[in-house]
$ cat upload34.cif   # mmCIF, C-alpha atoms
data_run
loop_
_atom_site.label_atom_id
_atom_site.label_comp_id
_atom_site.auth_asym_id
_atom_site.auth_seq_id
_atom_site.Cartn_x
_atom_site.Cartn_y
_atom_site.Cartn_z
CA MET A 1 0.00 0.00 0.00
CA THR A 2 1.41 3.38 -1.01
CA ALA A 3 2.07 5.76 1.88
CA LEU A 4 0.06 8.95 2.01
CA ARG A 5 2.18 11.86 0.81
CA LEU A 6 1.56 14.62 3.33
CA GLY A 7 2.50 18.20 2.57
CA VAL A 8 3.07 20.39 5.62
CA ASN A 9 2.86 24.16 5.36
CA ALA A 10 5.55 25.29 7.83
CA LEU A 11 5.93 28.81 6.46
CA PHE A 12 4.48 30.25 9.71
CA TYR A 13 6.99 28.53 11.98
CA LEU A 14 9.73 30.69 13.53
CA PRO A 15 11.84 28.53 15.87
CA GLY A 16 11.67 29.77 19.44
CA GLU A 17 9.13 32.51 18.63
CA VAL A 18 5.67 31.06 18.00
CA GLY A 19 5.04 29.42 21.36
CA GLY A 20 2.53 26.59 21.55
CA SER A 21 2.10 26.37 17.78
CA GLU A 22 5.76 25.32 17.50
CA THR A 23 5.19 22.54 20.04
CA TYR A 24 2.04 21.50 18.19
CA LEU A 25 3.80 21.29 14.83
CA ARG A 26 6.90 19.45 15.94
CA GLU A 27 5.26 17.02 18.37
CA THR A 28 2.58 16.14 15.84
CA LEU A 29 5.18 15.48 13.14
CA ARG A 30 7.14 13.29 15.57
CA ALA A 31 4.02 11.31 16.44
CA LEU A 32 3.10 10.85 12.77
CA ALA A 33 6.65 9.68 12.06
CA ARG A 34 6.29 6.98 14.76
CA ARG A 35 3.25 5.43 13.10
CA PRO A 36 3.67 2.09 11.30
CA ASP A 37 1.69 3.60 8.41
CA ARG A 38 3.59 6.87 8.64
CA PRO A 39 3.20 9.37 5.82
CA ASP A 40 5.84 10.48 3.37
CA LEU A 41 6.41 14.00 4.67
CA VAL A 42 6.93 16.98 2.39
CA LEU A 43 7.91 19.98 4.51
CA PHE A 44 7.50 23.41 2.93
CA THR A 45 10.02 25.48 4.88
CA ASN A 46 11.10 29.09 5.32
CA ALA A 47 14.54 30.62 5.70
CA GLU A 48 14.44 30.45 9.51
CA ASN A 49 13.23 26.87 10.00
CA ASP A 50 14.67 24.98 7.03
CA ARG A 51 17.81 23.81 8.82
CA VAL A 52 15.91 22.90 12.02
CA LEU A 53 13.29 20.80 10.22
CA ARG A 54 15.82 19.08 7.96
CA ALA A 55 17.88 18.08 10.99
CA GLU A 56 14.93 16.69 12.92
CA PHE A 57 13.14 14.99 10.02
CA PRO A 58 15.92 13.81 7.69
CA ALA A 59 13.64 11.31 5.92
CA ALA A 60 11.26 14.07 4.84
CA ASP A 61 11.41 15.95 1.56
CA ALA A 62 12.20 19.53 2.56
CA VAL A 63 11.09 22.06 -0.03
CA PRO A 64 12.54 25.49 0.77
CA SER A 65 10.55 28.60 -0.04
CA GLY A 66 13.51 30.80 0.85
CA ILE A 67 11.14 33.33 2.34
CA ALA A 68 12.04 35.03 5.62
CA ALA A 69 8.96 34.55 7.78
CA THR A 70 9.98 37.42 10.07
CA ASN A 71 8.62 39.57 7.24
CA ARG A 72 4.93 38.80 7.74
CA PHE A 73 3.81 40.50 4.54
CA ALA A 74 6.31 38.53 2.45
CA ARG A 75 5.28 35.31 4.20
CA ILE A 76 1.59 35.91 3.42
CA LEU A 77 2.38 36.54 -0.24
CA ALA A 78 4.56 33.43 -0.41
CA GLU A 79 1.83 31.31 1.16
CA GLN A 80 -0.78 32.49 -1.30
CA PHE A 81 1.29 32.48 -4.50
CA GLN A 82 4.57 30.59 -4.12
CA LEU A 83 3.39 27.69 -1.94
CA PRO A 84 0.71 26.49 -4.41
CA GLN A 85 3.38 26.29 -7.10
CA LEU A 86 5.77 24.39 -4.83
CA ALA A 87 2.96 22.03 -3.84
CA ARG A 88 1.99 21.43 -7.45
CA ARG A 89 5.53 20.28 -8.21
CA ALA A 90 5.88 18.21 -4.99
CA ARG A 91 2.48 16.51 -5.55
CA PRO A 92 1.30 15.82 -1.97
CA ASP A 93 -1.97 13.92 -1.54
CA VAL A 94 -3.11 16.48 1.03
CA LEU A 95 -1.68 19.75 2.37
CA TRP A 96 -1.87 20.38 6.13
CA SER A 97 -1.46 23.95 7.39
CA PRO A 98 -0.97 23.84 11.20
CA GLY A 99 -0.78 27.62 11.70
CA TYR A 100 -4.24 29.13 11.01
CA THR A 101 -3.67 30.23 7.41
CA ALA A 102 -3.42 28.38 4.10
CA PRO A 103 -3.38 29.06 0.37
CA ALA A 104 -6.70 30.10 -1.14
CA ARG A 105 -6.13 27.56 -3.90
CA ALA A 106 -4.02 24.43 -4.13
CA ALA A 107 -3.77 21.49 -6.50
CA CYS A 108 -4.51 19.07 -3.65
CA PRO A 109 -7.13 19.08 -0.86
CA GLN A 110 -6.26 20.98 2.29
CA VAL A 111 -6.67 20.66 6.06
CA VAL A 112 -6.06 23.69 8.28
CA SER A 113 -5.61 23.88 12.05
CA VAL A 114 -7.16 26.80 13.92
CA LEU A 115 -5.64 26.96 17.39
CA ASP A 116 -7.70 29.83 18.79
CA MET A 117 -9.33 33.13 17.90
CA GLN A 118 -7.38 35.11 20.46
CA TYR A 119 -7.09 38.24 18.34
CA LYS A 120 -10.89 38.58 18.26
CA ARG A 121 -11.23 38.37 22.03
CA PHE A 122 -8.04 40.33 22.79
CA PRO A 123 -7.38 42.69 19.87
CA GLN A 124 -4.76 44.47 21.97
CA ASP A 125 -2.54 41.38 21.57
CA VAL A 126 -1.78 42.23 17.93
CA SER A 127 -1.27 45.26 15.71
CA TRP A 128 -4.21 46.75 13.84
CA LEU A 129 -2.70 45.70 10.50
CA ALA A 130 -2.10 42.13 11.67
CA ALA A 131 -5.70 41.88 12.86
CA ARG A 132 -7.04 43.06 9.49
CA ALA A 133 -4.89 40.45 7.73
CA MET A 134 -6.27 37.76 10.03
CA ASP A 135 -9.81 38.96 9.30
CA VAL A 136 -9.19 37.99 5.68
CA LEU A 137 -6.85 35.01 5.93
CA TYR A 138 -8.40 32.96 8.75
CA PRO A 139 -11.93 32.70 7.28
CA LEU A 140 -10.46 32.15 3.81
CA ALA A 141 -8.40 29.20 5.00
CA ALA A 142 -11.22 27.65 7.04
CA ARG A 143 -13.77 27.89 4.26
CA ARG A 144 -11.51 26.70 1.45
CA ALA A 145 -10.11 23.75 3.42
CA ALA A 146 -11.79 20.37 3.15
CA ALA A 147 -11.55 20.02 6.94
CA VAL A 148 -10.64 22.17 9.94
CA VAL A 149 -8.86 20.93 13.07
CA ALA A 150 -9.21 22.61 16.48
CA ILE A 151 -7.17 21.85 19.60
CA SER A 152 -10.00 21.94 22.17
CA GLU A 153 -13.77 22.00 22.23
CA PHE A 154 -13.51 25.65 23.19
CA ALA A 155 -11.30 26.38 20.15
CA LYS A 156 -13.80 24.52 17.96
CA ALA A 157 -16.65 26.70 19.23
CA GLU A 158 -14.54 29.80 18.56
CA ALA A 159 -13.83 28.68 14.99
CA VAL A 160 -17.51 28.03 14.35
CA ARG A 161 -18.48 31.41 15.80
CA PHE A 162 -15.88 33.63 14.17
CA LEU A 163 -15.03 31.84 10.91
CA GLY A 164 -18.48 30.82 9.77
CA VAL A 165 -17.70 27.12 9.34
CA PRO A 166 -20.25 24.43 10.27
CA PRO A 167 -19.40 22.42 13.40
CA GLU A 168 -19.39 19.14 11.47
CA LYS A 169 -16.43 20.42 9.45
CA VAL A 170 -14.29 20.83 12.58
CA THR A 171 -12.51 17.97 14.39
CA THR A 172 -11.04 18.43 17.88
CA THR A 173 -7.59 16.96 18.54
CA LEU A 174 -6.41 17.65 22.09
CA LEU A 175 -2.71 18.29 22.65
CA ALA A 176 -0.34 16.70 25.17
CA ALA A 177 2.66 17.37 27.38
CA ASP A 178 6.06 15.89 26.66
CA PRO A 179 6.58 12.84 28.93
CA ALA A 180 9.93 14.40 29.85
CA PHE A 181 8.01 16.70 32.20
CA GLY A 182 7.28 13.66 34.35
CA ALA A 183 10.82 12.23 34.25
CA ALA A 184 13.71 12.55 36.68
CA ASP A 185 15.50 15.88 36.46
CA GLY A 186 18.31 18.01 37.80
CA PRO A 187 18.11 21.12 39.94
CA PRO A 188 16.36 24.29 38.76
CA PRO A 189 18.46 27.36 37.82
CA ALA A 190 20.69 28.66 40.60
CA GLU A 191 18.83 31.99 40.65
CA THR A 192 15.86 30.24 42.28
CA ALA A 193 17.83 28.69 45.15
CA GLY A 194 17.23 29.62 48.77
CA ALA A 195 13.44 29.94 48.90
CA PRO A 196 10.32 28.19 47.61
CA TYR A 197 8.88 29.71 44.47
CA LEU A 198 5.72 30.20 42.45
CA LEU A 199 6.21 29.72 38.71
CA CYS A 200 4.49 31.29 35.72
CA VAL A 201 5.47 30.47 32.12
CA ALA A 202 3.97 32.95 29.67
CA HIS A 203 5.04 35.63 27.20
CA THR A 204 3.65 39.00 28.23
CA TYR A 205 0.70 39.27 25.87
CA PRO A 206 -2.19 41.17 27.49
CA HIS A 207 -4.40 38.07 27.67
CA LYS A 208 -1.75 36.19 29.65
CA ASN A 209 -2.50 38.56 32.54
CA VAL A 210 1.04 38.51 33.94
CA GLY A 211 0.72 42.08 35.23
CA LEU A 212 -2.18 41.09 37.47
CA LEU A 213 -0.16 38.15 38.78
CA VAL A 214 2.79 40.37 39.74
CA ARG A 215 0.49 42.84 41.49
CA ALA A 216 -1.35 40.04 43.31
CA PHE A 217 1.97 38.58 44.43
CA SER A 218 3.12 41.98 45.69
CA ARG A 219 -0.03 42.23 47.83
CA ILE A 220 0.85 39.06 49.76
CA ALA A 221 4.65 38.88 49.48
CA GLY A 222 5.07 39.94 53.09
CA GLU A 223 2.95 37.00 54.27
CA ILE A 224 4.69 34.16 52.41
CA PRO A 225 8.34 33.12 51.93
CA HIS A 226 8.05 32.49 48.19
CA ARG A 227 9.64 34.14 45.24
CA LEU A 228 7.77 34.60 41.97
CA VAL A 229 9.57 33.16 38.95
CA LEU A 230 8.49 34.38 35.51
CA VAL A 231 9.57 32.73 32.26
CA GLY A 232 8.60 34.43 29.02
CA LYS A 233 9.52 37.04 26.44
CA PRO A 234 8.27 40.63 26.33
CA ARG A 235 5.22 41.12 24.13
CA PHE A 236 2.44 43.73 23.77
CA GLY A 237 1.55 43.57 27.48
CA GLU A 238 5.10 44.31 28.62
CA PRO A 239 4.50 47.94 29.75
CA GLU A 240 1.90 46.77 32.28
CA VAL A 241 4.18 43.98 33.51
CA ALA A 242 7.18 46.32 33.76
CA ALA A 243 5.15 48.78 35.84
CA ALA A 244 4.03 45.98 38.17
CA LEU A 245 7.61 44.77 38.53
CA ARG A 246 8.84 48.24 39.50
CA ALA A 247 6.37 48.21 42.38
CA ALA A 248 7.16 44.64 43.46
CA PRO A 249 9.26 43.91 46.57
CA ALA A 250 12.96 44.02 45.76
CA GLY A 251 14.59 40.67 45.14
CA ARG A 252 11.35 38.69 45.26
CA VAL A 253 10.73 38.30 41.51
CA VAL A 254 13.08 36.30 39.26
CA ARG A 255 12.66 36.60 35.51
CA PHE A 256 13.95 34.55 32.58
CA PRO A 257 13.14 35.39 28.93
CA GLY A 258 13.67 31.71 28.12
CA LEU A 259 15.54 28.65 29.36
CA PRO A 260 17.06 25.46 27.92
CA TRP A 261 14.55 22.62 27.96
CA PRO A 262 16.11 20.65 30.89
CA GLU A 263 16.19 23.76 33.10
CA LEU A 264 12.59 24.65 32.24
CA ILE A 265 11.43 21.14 33.15
CA ALA A 266 13.35 21.34 36.42
CA LEU A 267 11.66 24.66 37.19
CA TYR A 268 8.25 23.07 36.75
CA ARG A 269 9.12 20.03 38.82
CA HIS A 270 10.50 21.99 41.80
CA ALA A 271 7.84 24.73 41.90
CA ASP A 272 5.67 24.95 44.99
CA TRP A 273 2.90 26.12 42.65
CA PHE A 274 2.48 26.76 38.96
CA VAL A 275 0.36 29.90 38.62
CA PHE A 276 -1.32 30.69 35.30
CA PRO A 277 -3.67 33.70 35.35
CA SER A 278 -4.44 33.63 31.62
CA LEU A 279 -7.78 34.94 30.37
CA TYR A 280 -7.71 33.14 27.03
CA GLU A 281 -6.20 29.86 25.83
CA GLY A 282 -6.97 27.76 22.79
CA PHE A 283 -5.62 24.81 24.78
CA GLY A 284 -3.47 25.88 27.74
CA LEU A 285 -0.39 23.72 27.22
CA PRO A 286 1.60 25.19 30.16
CA VAL A 287 -1.15 24.02 32.53
CA LEU A 288 -0.87 20.47 31.22
CA GLU A 289 2.94 20.58 31.34
CA ALA A 290 2.80 21.65 34.99
CA MET A 291 0.33 18.88 35.78
CA ARG A 292 2.59 16.34 34.06
CA ALA A 293 5.56 17.64 36.03
CA GLY A 294 3.74 17.23 39.35
CA ALA A 295 3.46 20.92 40.18
CA PRO A 296 0.15 21.90 41.81
CA VAL A 297 -1.64 24.41 39.60
CA LEU A 298 -3.56 27.60 40.34
CA THR A 299 -5.23 28.99 37.21
CA THR A 300 -8.50 30.47 35.90
CA ARG A 301 -11.76 29.05 34.60
CA GLU A 302 -11.33 30.92 31.32
CA ALA A 303 -11.66 29.57 27.78
CA SER A 304 -10.28 26.03 27.34
CA ILE A 305 -8.44 25.78 30.66
CA PRO A 306 -11.15 23.79 32.54
CA GLU A 307 -11.09 21.21 29.72
CA ILE A 308 -7.45 20.61 30.58
CA GLY A 309 -7.35 20.96 34.36
CA GLY A 310 -10.71 19.44 35.22
CA GLU A 311 -11.10 19.19 38.98
CA CYS A 312 -7.40 18.49 39.49
CA VAL A 313 -6.29 22.12 39.67
CA ARG A 314 -7.33 25.15 41.74
CA TYR A 315 -9.15 28.05 40.11
CA ALA A 316 -9.22 31.76 40.86
CA ASP A 317 -10.80 34.85 39.32
CA GLY A 318 -8.22 36.27 36.93
CA ARG A 319 -10.25 39.45 36.45
CA ASP A 320 -10.18 40.44 40.14
CA GLU A 321 -6.74 41.27 41.54
CA ALA A 322 -7.76 41.07 45.19
CA ALA A 323 -9.54 37.75 44.71
CA PHE A 324 -6.56 36.33 42.84
CA ALA A 325 -4.20 37.50 45.60
CA ALA A 326 -6.39 35.77 48.20
CA ALA A 327 -6.38 32.54 46.18
CA LEU A 328 -2.62 32.80 45.78
CA ARG A 329 -2.16 33.23 49.54
CA ALA A 330 -4.41 30.24 50.27
CA ALA A 331 -2.44 28.10 47.82
CA ALA A 332 0.93 29.16 49.18
CA VAL A 333 0.05 28.12 52.74
CA LEU A 334 -1.69 24.86 51.80
CA PRO A 335 -0.20 21.96 53.77
CA ALA A 336 2.31 19.86 51.87
CA ALA A 337 0.15 16.73 52.10
CA ASP A 338 -2.77 18.52 50.44
CA ARG A 339 -0.47 19.86 47.70
CA ALA A 340 0.84 16.36 47.11
CA ARG A 341 -2.67 14.92 46.74
CA GLN A 342 -3.59 17.57 44.19
CA SER A 343 -0.33 17.06 42.30
CA GLU A 344 -0.83 13.31 42.08
CA ALA A 345 -4.39 13.65 40.77
CA ALA A 346 -3.23 16.20 38.21
CA ARG A 347 -0.34 14.00 37.11
CA ARG A 348 -2.66 11.05 36.51
CA ARG A 349 -5.01 13.24 34.49
CA ALA A 350 -2.17 14.67 32.42
CA GLU A 351 -0.89 11.21 31.53
CA GLY A 352 -4.16 10.65 29.65
CA PHE A 353 -3.21 13.33 27.11
CA THR A 354 -0.74 11.94 24.56
CA TRP A 355 0.70 13.19 21.28
CA ASP A 356 0.07 9.79 19.71
CA ALA A 357 -3.64 10.11 20.47
CA SER A 358 -3.68 13.68 19.15
CA ALA A 359 -1.91 12.68 15.95
CA GLU A 360 -4.22 9.67 15.53
CA LYS A 361 -7.25 11.93 15.22
CA LEU A 362 -5.47 14.28 12.84
CA TRP A 363 -4.30 11.29 10.80
CA TYR A 364 -7.87 10.10 10.42
CA VAL A 365 -8.89 13.52 9.09
CA LEU A 366 -5.96 13.68 6.68
CA GLN A 367 -6.65 10.20 5.31
CA ARG A 368 -10.35 10.89 4.93
CA VAL A 369 -9.70 14.10 3.02
CA ALA A 370 -7.16 12.37 0.76
CA ARG A 371 -9.59 9.49 0.04
CA GLU A 372 -12.43 11.85 -0.79
CA ARG A 373 -10.33 13.43 -3.50
CA LYS A 374 -9.97 10.13 -5.34
#

$ encode --input "upload34.cif" --output "structure tokens"
Amino acid sequence: MTALRLGVNALFYLPGEVGGSETYLRETLRALARRPDRPDLVLFTNAENDRVLRAEFPAADAVPSGIAATNRFARILAEQFQLPQLARRARPDVLWSPGYTAPARAACPQVVSVLDMQYKRFPQDVSWLAARAMDVLYPLAARRAAAVVAISEFAKAEAVRFLGVPPEKVTTTLLAADPAFGAADGPPPAETAGAPYLLCVAHTYPHKNVGLLVRAFSRIAGEIPHRLVLVGKPRFGEPEVAAALRAAPAGRVVRFPGLPWPELIALYRHADWFVFPSLYEGFGLPVLEAMRAGAPVLTTREASIPEIGGECVRYADGRDEAAFAAALRAAAVLPAADRARQSEAARRRAEGFTWDASAEKLWYVLQRVARERK
């Protein structure tokens, strides 16, 4: 039986810059490559990711576009005009676009993944021009594709609401945490030594609500021994976060723009609490990673997060600073035995989310779309 030839539109992917969508792309490709009926991969790359993808997937056909995806306008043009030509020559059976947008026309059927509609709910997260481009490109991709994939039931509902696609066209494929989060590890970074800490992993987009977390921590810092450790790069919400940090108690907040993978895992595993005040998530992968690592989690009941945490995490009101501070204080003083019980329940729940299961559902969609063409 001839293997399905799967084209993958990776023009959106900027290594180290696109957050959860990078994890989604690479972990899904790894899971597909592990299948006994694995596809023949054709990776359509950009100037920034070509070397990375070739190194990780040497058996794949890598087709370089040469486009620098840091230039968003050039990337959009390449996706609409150059990619269809590259795909016509490479002859995939189906083209999967994991990053929201896809060519308006292609010589093969298409599947597109819509991870969230964050820019509609939080327009302050993006520039005005970027939002107008999304207003055109997202609905175009969803309507022209033979099938749409969402990463949670919440994300599916958002796609149906904002993109005008019927629910039966959208398949939900939940994500997973790397099993390495549950494995043995070394010590966390030396900067965190000497006191217990609360951890938050999030770039400073407005919807991530990091400013509120810093202010809530400052309210109770005198009552608890913890430091607050922040991991994430500056984004559109950085002015609010910077202002909150200036008012925070000196020496009590530790910040990393990013960390090597082993150190990040160690941070999760040694945290007294993982605190995630986000107001919008298409999936909420950091919550699941913390659960897998055995860190008790305090988060919000916003968007998709309850789908992930269930009753195995604590929830607080991320729109009320005083209420969040009170929940943070209550978590910080929770007896160790109670924390351990919550962590164990969360770990067991997290183990039920796997990349193989996620890729299995996507694989079914891809095969169905390819068969329907014939």

$ resolve_selection --input "upload34.cif" --expression "the PyMOL selection byres ((chain A and resi 229) around 8)" --output "PyMOL selection string"
chain A and resi 192+197-200+227-228+230-231+253-256

$ write_last_selection --input "upload34.cif" --atoms "C-alpha atoms" --output "short mmCIF file (atom, residue, chain, number, x, y, z; two decimals), keeping the file's coordinate frame"
data_model
loop_
_atom_site.label_atom_id
_atom_site.label_comp_id
_atom_site.auth_asym_id
_atom_site.auth_seq_id
_atom_site.Cartn_x
_atom_site.Cartn_y
_atom_site.Cartn_z
CA THR A 192 15.86 30.24 42.28
CA TYR A 197 8.88 29.71 44.47
CA LEU A 198 5.72 30.20 42.45
CA LEU A 199 6.21 29.72 38.71
CA CYS A 200 4.49 31.29 35.72
CA ARG A 227 9.64 34.14 45.24
CA LEU A 228 7.77 34.60 41.97
CA LEU A 230 8.49 34.38 35.51
CA VAL A 231 9.57 32.73 32.26
CA VAL A 253 10.73 38.30 41.51
CA VAL A 254 13.08 36.30 39.26
CA ARG A 255 12.66 36.60 35.51
CA PHE A 256 13.95 34.55 32.58
#

$ residues_around --input "upload34.cif" --residues "A:Val313" --least-positions-apart "3" --cutoff "7 Å" --atoms "all atoms listed in the file" --output "PyMOL selection string"
chain A and resi 296-298+309-310+342+346

$ atom_distance --input "upload34.cif" --atom1 "atom CA of A:His203" --atom2 "atom CA of A:Glu191"
19.6 Å

$ resolve_selection --input "upload34.cif" --expression "the PyMOL selection byres ((chain A and resi 102) around 10)" --output "ChimeraX atom specification"
/A:9,11-12,76,79-80,83-84,95-101,103-106,110-113,137-138,140-142,144-145

$ resolve_selection --input "upload34.cif" --expression "the PyMOL selection byres ((chain A and resi 71) around 12)" --output "list in words"
Leu11, Phe12, Leu14, Asn46, Ala47, Glu48, Gly66, Ile67, Ala68, Ala69, Thr70, Arg72, Phe73, Ala74, Arg75, Ile76, Leu77, Ala78 and Ala130 of chain A

$ residues_around --input "upload34.cif" --residues "stretch 349-358 of chain A" --least-positions-apart "6" --cutoff "8 Å" --atoms "only C-alpha atoms" --output "list in words"
Glu27, Thr28, Ala31, Leu32, Thr173, Leu174, Leu175, Ala176, Ala177, Leu288, Glu289, Met291, Arg292 and Cys312 of chain A

$ residues_around --input "upload34.cif" --residues "stretch 33-35 of chain A" --least-positions-apart "6" --cutoff "12 Å" --atoms "only C-alpha atoms" --output "count of residues only"
16

$ residues_around --input "upload34.cif" --residues "A:Pro64" --least-positions-apart "5" --cutoff "9 Å" --atoms "all atoms listed in the file" --output "PDB file with C-alpha atoms, in the coordinates of the input"
ATOM      1  CA  LEU A  43       7.910  19.980   4.510  1.00  0.00           C
ATOM      2  CA  PHE A  44       7.500  23.410   2.930  1.00  0.00           C
ATOM      3  CA  THR A  45      10.020  25.480   4.880  1.00  0.00           C
ATOM      4  CA  ASN A  46      11.100  29.090   5.320  1.00  0.00           C
ATOM      5  CA  ALA A  47      14.540  30.620   5.700  1.00  0.00           C
ATOM      6  CA  ASP A  50      14.670  24.980   7.030  1.00  0.00           C
ATOM      7  CA  LEU A  86       5.770  24.390  -4.830  1.00  0.00           C
TER       8      LEU A  86
END

$ closest_residue --input "upload34.cif" --among "A:Val114, A:Ala243, A:Leu4, A:Met134" --to "A:Lys156" --atoms "all atoms listed in the file"
A:Val114
